[in-house]
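Written below as structure tokens is the structure these notes are about.
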Amino acid sequence: MYCHLSIHHPAPGARDALVASMHRYGAAIEDAPGLVSVHTLVDAADGVLVGLALWESEDAFLASVQRARQAVAEDPFDEWEAEPVQGFRLVEV
């Protein structure tokens with residue numbers, strides 16, 4: 001199992017645009033070989049958004065991640081994010 005996890009802190013007024021972007025990212029890979037599932041989640045307490053994609057392997061992730069990145073390449077993240085995005089590539093231990 002391979003996990004790609006991104007933590008987003010929406011700027012004031014940008015939450016809906018950021019969620020829409022995260023949904024476009026996920027839609028671009030929803031039929032990718034080796035993708036187990038993709039999710040956009042919110043922490044109800046503080047509004048932090050989490051992108052979670054579970055893959056069969058790192059190779060599957062690497063083979064398809066460009067499709068997702070291209071789907072959001074023109075999005076103004078510098079306007080939508082209040083803090084730098086934290087990204088993690090996780091494997092089971």
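Following the order of the structure tokens, chains are lettered A, B, ..., residues in each are numbered from 1, and ligands are numbered from 1.
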Point to revise | Within 12 Å of Gln86 in chain A using only C-alpha atoms, minus same-chain residues under 6 positions, as a ChimeraX atom specification | key: /A:4-9,48-51
Check your understanding: So which bits of range 5-91 of chain A end up strand (DSSP E or B) when you DSSP the backbone, as a PyMOL selection string?
Key -> chain A and resi 5-8+10+35-42+49-55+81+86-91
Could you dump the residues just selected with N, CA and C atoms as a PDB file, in the first residue's frame?
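result05.pdb, written as the output of this step:
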```
ATOM      1  N   LEU A   5      -0.689  11.826   0.731  1.00  0.00           N
ATOM      2  CA  LEU A   5      -1.496  12.621   1.645  1.00  0.00           C
ATOM      3  C   LEU A   5      -1.066  14.079   1.539  1.00  0.00           C
ATOM      4  N   SER A   6      -2.033  14.964   1.341  1.00  0.00           N
ATOM      5  CA  SER A   6      -1.745  16.399   1.257  1.00  0.00           C
ATOM      6  C   SER A   6      -2.631  17.139   2.244  1.00  0.00           C
ATOM      7  N   ILE A   7      -2.035  18.051   2.995  1.00  0.00           N
ATOM      8  CA  ILE A   7      -2.769  18.840   3.982  1.00  0.00           C
ATOM      9  C   ILE A   7      -2.797  20.284   3.504  1.00  0.00           C
ATOM     10  N   HIS A   8      -4.018  20.823   3.396  1.00  0.00           N
ATOM     11  CA  HIS A   8      -4.251  22.167   2.869  1.00  0.00           C
ATOM     12  C   HIS A   8      -4.922  23.043   3.920  1.00  0.00           C
ATOM     13  N   PRO A  10      -6.987  26.316   3.770  1.00  0.00           N
ATOM     14  CA  PRO A  10      -7.594  27.287   2.850  1.00  0.00           C
ATOM     15  C   PRO A  10      -7.492  28.722   3.364  1.00  0.00           C
ATOM     16  N   LEU A  35      -4.913   2.611  -8.588  1.00  0.00           N
ATOM     17  CA  LEU A  35      -5.524   3.487  -7.584  1.00  0.00           C
ATOM     18  C   LEU A  35      -6.554   2.684  -6.806  1.00  0.00           C
ATOM     19  N   VAL A  36      -6.426   2.693  -5.489  1.00  0.00           N
ATOM     20  CA  VAL A  36      -7.380   2.001  -4.623  1.00  0.00           C
ATOM     21  C   VAL A  36      -8.561   2.925  -4.327  1.00  0.00           C
ATOM     22  N   SER A  37      -8.258   4.155  -3.901  1.00  0.00           N
ATOM     23  CA  SER A  37      -9.305   5.142  -3.636  1.00  0.00           C
ATOM     24  C   SER A  37      -8.681   6.523  -3.511  1.00  0.00           C
ATOM     25  N   VAL A  38      -9.519   7.539  -3.727  1.00  0.00           N
ATOM     26  CA  VAL A  38      -9.070   8.926  -3.593  1.00  0.00           C
ATOM     27  C   VAL A  38     -10.172   9.696  -2.875  1.00  0.00           C
ATOM     28  N   HIS A  39      -9.767  10.575  -1.937  1.00  0.00           N
ATOM     29  CA  HIS A  39     -10.726  11.252  -1.075  1.00  0.00           C
ATOM     30  C   HIS A  39     -10.310  12.702  -0.828  1.00  0.00           C
ATOM     31  N   THR A  40     -11.304  13.560  -0.673  1.00  0.00           N
ATOM     32  CA  THR A  40     -11.108  14.915  -0.175  1.00  0.00           C
ATOM     33  C   THR A  40     -11.844  14.984   1.148  1.00  0.00           C
ATOM     34  N   LEU A  41     -11.112  15.298   2.201  1.00  0.00           N
ATOM     35  CA  LEU A  41     -11.650  15.269   3.563  1.00  0.00           C
ATOM     36  C   LEU A  41     -11.464  16.622   4.228  1.00  0.00           C
ATOM     37  N   VAL A  42     -12.314  16.915   5.225  1.00  0.00           N
ATOM     38  CA  VAL A  42     -12.187  18.160   5.970  1.00  0.00           C
ATOM     39  C   VAL A  42     -12.204  17.840   7.461  1.00  0.00           C
ATOM     40  N   LEU A  49      -8.209  20.958   5.076  1.00  0.00           N
ATOM     41  CA  LEU A  49      -8.574  19.991   4.051  1.00  0.00           C
ATOM     42  C   LEU A  49      -7.455  18.977   3.868  1.00  0.00           C
ATOM     43  N   VAL A  50      -7.844  17.735   3.642  1.00  0.00           N
ATOM     44  CA  VAL A  50      -6.872  16.663   3.449  1.00  0.00           C
ATOM     45  C   VAL A  50      -7.215  15.924   2.163  1.00  0.00           C
ATOM     46  N   GLY A  51      -6.226  15.796   1.300  1.00  0.00           N
ATOM     47  CA  GLY A  51      -6.343  14.956   0.120  1.00  0.00           C
ATOM     48  C   GLY A  51      -5.677  13.626   0.421  1.00  0.00           C
ATOM     49  N   LEU A  52      -6.372  12.552   0.176  1.00  0.00           N
ATOM     50  CA  LEU A  52      -5.865  11.221   0.488  1.00  0.00           C
ATOM     51  C   LEU A  52      -6.061  10.316  -0.719  1.00  0.00           C
ATOM     52  N   ALA A  53      -4.979   9.803  -1.250  1.00  0.00           N
ATOM     53  CA  ALA A  53      -5.046   8.847  -2.350  1.00  0.00           C
ATOM     54  C   ALA A  53      -4.289   7.594  -1.940  1.00  0.00           C
ATOM     55  N   LEU A  54      -4.974   6.460  -2.028  1.00  0.00           N
ATOM     56  CA  LEU A  54      -4.368   5.179  -1.699  1.00  0.00           C
ATOM     57  C   LEU A  54      -4.104   4.420  -2.987  1.00  0.00           C
ATOM     58  N   TRP A  55      -2.891   3.915  -3.097  1.00  0.00           N
ATOM     59  CA  TRP A  55      -2.436   3.228  -4.303  1.00  0.00           C
ATOM     60  C   TRP A  55      -1.948   1.832  -3.957  1.00  0.00           C
ATOM     61  N   GLU A  81      -4.254  29.119  -0.708  1.00  0.00           N
ATOM     62  CA  GLU A  81      -3.645  28.474   0.467  1.00  0.00           C
ATOM     63  C   GLU A  81      -3.156  29.525   1.463  1.00  0.00           C
ATOM     64  N   GLN A  86       1.345  20.758   2.948  1.00  0.00           N
ATOM     65  CA  GLN A  86       2.193  19.698   3.462  1.00  0.00           C
ATOM     66  C   GLN A  86       1.858  18.443   2.680  1.00  0.00           C
ATOM     67  N   GLY A  87       2.845  17.842   2.061  1.00  0.00           N
ATOM     68  CA  GLY A  87       2.628  16.629   1.283  1.00  0.00           C
ATOM     69  C   GLY A  87       3.438  15.482   1.837  1.00  0.00           C
ATOM     70  N   PHE A  88       2.826  14.320   1.876  1.00  0.00           N
ATOM     71  CA  PHE A  88       3.477  13.131   2.400  1.00  0.00           C
ATOM     72  C   PHE A  88       3.261  11.970   1.445  1.00  0.00           C
ATOM     73  N   ARG A  89       4.295  11.179   1.266  1.00  0.00           N
ATOM     74  CA  ARG A  89       4.228   9.924   0.514  1.00  0.00           C
ATOM     75  C   ARG A  89       4.531   8.825   1.519  1.00  0.00           C
ATOM     76  N   LEU A  90       3.525   8.061   1.839  1.00  0.00           N
ATOM     77  CA  LEU A  90       3.587   7.148   2.980  1.00  0.00           C
ATOM     78  C   LEU A  90       3.553   5.691   2.555  1.00  0.00           C
ATOM     79  N   VAL A  91       4.294   4.872   3.279  1.00  0.00           N
ATOM     80  CA  VAL A  91       4.255   3.418   3.098  1.00  0.00           C
ATOM     81  C   VAL A  91       4.059   2.795   4.467  1.00  0.00           C
TER      82      VAL A  91
END
```
Check your understanding: Looking only at the backbone, which of the residues in chain A does DSSP tag as alpha helix (DSSP H), as number ranges by chain?
Key -> A: 15-29, 58-71, 77-80
Exercise for review: Write out as a PyMOL selection string which residues come within 9 Å of Ala60 in chain A when counting only C-alpha atoms, dropping same-chain ones fewer than 5 positions away.
Suggested key: chain A and resi 2+32-35+55+65
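Note that the spacing between CA of His23 in chain A and CA of Val93 in chain A amounts to 29.0 Å.
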Check your understanding: Leaving out Gly13 in chain A and any residue of its chain fewer than 5 positions from it, which residues lie within 12 Å of it when counting only C-alpha atoms, given as a list in words?
Key -> Leu18, Val19, Gly47, Glu79, Trp80, Glu81 and Ala82 of chain A
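Note that CA of Arg24 in chain A and CA of Arg67 in chain A are 10.4 Å apart.
Nearest-residue note for Arg69 in chain A: choosing from A:Pro84, A:Ser57, A:Ala45, A:Ile29, the minimum distance belongs to A:Ile29, counting only C-alpha atoms.
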